[in-house]
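Below is one structure, written out as structure tokens; the observations come after it.
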2 protein chains.
Amino acid sequence: MTEAVARVGVDELVDGLRSQGLRITGARRAICAVLAESRGEHLTAAAIHQRAVARSGVPINASTIYRTIEVLQVLSLVRYAHLGHGPAVVHLVQDGGHHHLVCEICGRTEDLPAADVRAALRELAERHHFVPATLHVSVIGICAECRAAG
Amino acid sequence: MTEAVARVGVDELVDGLRSQGLRITGARRAICAVLAESRGEHLTAAAIHQRAVARSGVPINASTIYRTIEVLQVLSLVRYAHLGHGPAVVHLVQDGGHHHLVCEICGRTEDLPAADVRAALRELAERHHFVPATLHVSVIGICAECRAAG
DNA sequence: ATGTGTGCAAAGCATTTGCAGCCAG
DNA sequence: CTGGCTGCAAATGCTTTGCACACAT
């Protein structure tokens, strides 16, 4: 269940921004901290917003959240996923990527290690003369807990 | 590339609605016809709307499109997919399901036969005590054509 | 100093909803 | 007839954008 993965901290994210000549502001630091603490949790922009405000004390505008996510995403530090209806979710790129088990009852998501999935799909994709870049995989079903609950 | 799949026509869709005691209206018939003609193409609600109006001549309200998609989706006759940003796309369930190769350059999608993918992922999901229902898989990358174009 | 990042407010787009009337059954 | 379906219009939810000011560098 638990495995050793490359830990991504605030510093990696902040340094990523700095390395591009981008400026480190309070808002950006807070957002990076929230993402670093999330450890790969799937957060909506709204959730990131809430937490960033809570941790920094300072009000941050929603557009700043979106603009910062956009920047981090271009730097491949975070990734978007669109899991069914509702807002998009963002997660750290910390373990070479992973995919999603989405429970259609409770809505919780669980990670599916990328390495296992990748091999199977890459072969398929190449058979279609397609070069896979980002893998976005969502398996929607019923999680153990909800099944137990009936 | 081409393979024989169970053909889904207007009748299957209309009969699906009728079998649930739902009413067959002009709008619904037009929408079903558009979907049947799409042969698994991925259509946004807006695209379905346009085509349905064009083919029936009668104006149809956008909300009717959404409400009809919803009904068809509950009957498992069509399926939603959320491929990156932008509007959701809908496609016929005609071959036991399929998944998506999405080109990040031209945006076109190609189908990935479900059967091949399913086996690999099902095992993974079950290892996580997860019962897969709908598989939603998108492999994002670069298609043969765009790669050739540089 | 300088121009990048921010807040604010407004617009944008996809989708949903309430309600009154219409039409398929 | 009668309730399910539709149109209309307004509301909603998420995200983007234009502009003027602030602050990191």
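Each chain of the structure tokens is named A, B, ... in the order shown, its residues numbered from 1; ligands are numbered from 1 in display order.
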Applying 8 Å and only C-alpha atoms (C1' of nucleotides), which residues near Ala144 of chain B remain after dropping the ones on its own chain fewer than 4 positions away? List them as number ranges by chain. A: 129-131; B: 148
Print the selection's residues with N, CA and C atoms to a file, as a JSON list (two decimals), in the first residue's frame.
[["chain", "number", "residue", "atom", "x", "y", "z"],
["A", 129, "HIS", "N", 0.01, 3.67, -33.68],
["A", 129, "HIS", "CA", 0.93, 4.70, -34.16],
["A", 129, "HIS", "C", 0.76, 5.98, -33.37],
["A", 130, "PHE", "N", 0.67, 5.85, -32.09],
["A", 130, "PHE", "CA", 0.35, 6.97, -31.22],
["A", 130, "PHE", "C", 1.43, 7.03, -30.16],
["A", 131, "VAL", "N", 1.99, 8.19, -29.95],
["A", 131, "VAL", "CA", 3.02, 8.33, -28.93],
["A", 131, "VAL", "C", 2.42, 8.86, -27.65],
["B", 148, "ALA", "N", 4.15, 13.21, -37.97],
["B", 148, "ALA", "CA", 4.69, 13.31, -39.32],
["B", 148, "ALA", "C", 4.85, 14.77, -39.74]]
Proximal residues of chain B relative to chain D (only C-alpha atoms (C1' of nucleotides); 12 Å) as a VMD selection string: chain B and resid 21 to 28 59 to 65 67 to 68 85 to 87
I need the chosen residues saved as an mmCIF file, in the first residue's frame, with C-alpha atoms.
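Saved to again_15.cif:
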data_model
loop_
_atom_site.group_PDB
_atom_site.id
_atom_site.type_symbol
_atom_site.label_atom_id
_atom_site.label_comp_id
_atom_site.auth_asym_id
_atom_site.auth_seq_id
_atom_site.Cartn_x
_atom_site.Cartn_y
_atom_site.Cartn_z
ATOM 1 C CA GLY B 21 -42.233 3.844 -21.033
ATOM 2 C CA LEU B 22 -40.614 7.080 -22.164
ATOM 3 C CA ARG B 23 -42.202 9.104 -24.927
ATOM 4 C CA ILE B 24 -40.846 9.372 -28.426
ATOM 5 C CA THR B 25 -40.866 12.989 -29.513
ATOM 6 C CA GLY B 26 -39.501 14.692 -32.583
ATOM 7 C CA ALA B 27 -36.562 16.067 -30.641
ATOM 8 C CA ARG B 28 -35.680 12.685 -29.174
ATOM 9 C CA PRO B 59 -35.556 24.270 -33.605
ATOM 10 C CA ILE B 60 -34.675 22.307 -30.482
ATOM 11 C CA ASN B 61 -33.726 23.868 -27.197
ATOM 12 C CA ALA B 62 -30.319 23.156 -25.721
ATOM 13 C CA SER B 63 -31.812 21.962 -22.464
ATOM 14 C CA THR B 64 -33.683 19.281 -24.357
ATOM 15 C CA ILE B 65 -30.368 18.019 -25.649
ATOM 16 C CA ARG B 67 -32.063 16.160 -20.771
ATOM 17 C CA THR B 68 -32.120 13.574 -23.530
ATOM 18 C CA HIS B 85 -10.588 20.906 -20.654
ATOM 19 C CA GLY B 86 -13.606 21.947 -22.647
ATOM 20 C CA PRO B 87 -17.080 20.529 -22.928
#
Counting only C-alpha atoms (C1' of nucleotides), chain C residues within 10 Å of chain A, as a PyMOL selection string: chain C and resi 4-8
So how many Å separate atom CA of Ala45 of chain B and atom CA of His82 of chain A, to one decimal?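 Between atom CA of Ala45 of chain B and atom CA of His82 of chain A the gap works out to 17.3 Å.
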For atom CA of Arg79 of chain A and atom CA of Val58 of chain A, the interatomic separation in Å (one decimal): 25.6 Å
Check the smallest atom-to-atom distance from each of B:Leu77, B:Val89, B:Val14, B:Ala46 to chain A using only C-alpha atoms, then report the winner. B:Val89
Would you kindly return, as a ChimeraX atom specification, each protein, DNA or RNA residue with an atom no farther than 9 Å from any atom of segment 32-37 of chain B, considering only C-alpha atoms (C1' of nucleotides) and excluding same-chain residues fewer than 3 positions away? /B:7-14,27-29,40-41,43,48,51-52,55,78,90-92
Nearest to chain B among A:Ser19, A:Leu75, A:Glu126, A:Ala149, with distances taken over only C-alpha atoms: which residue is it?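 The closest residue to chain B is A:Glu126.
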Here is a test: counting only C-alpha atoms, which residue of A:Arg18, A:Arg108, A:Arg147, A:His49 is nearest to chain B?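 Closest candidate: A:Arg147.
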So, counting only C-alpha atoms, which residue among A:Val53, A:Val74, A:Ala88, A:Val93 is closest to chain B?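 For chain B, the nearest of the candidates is A:Ala88.
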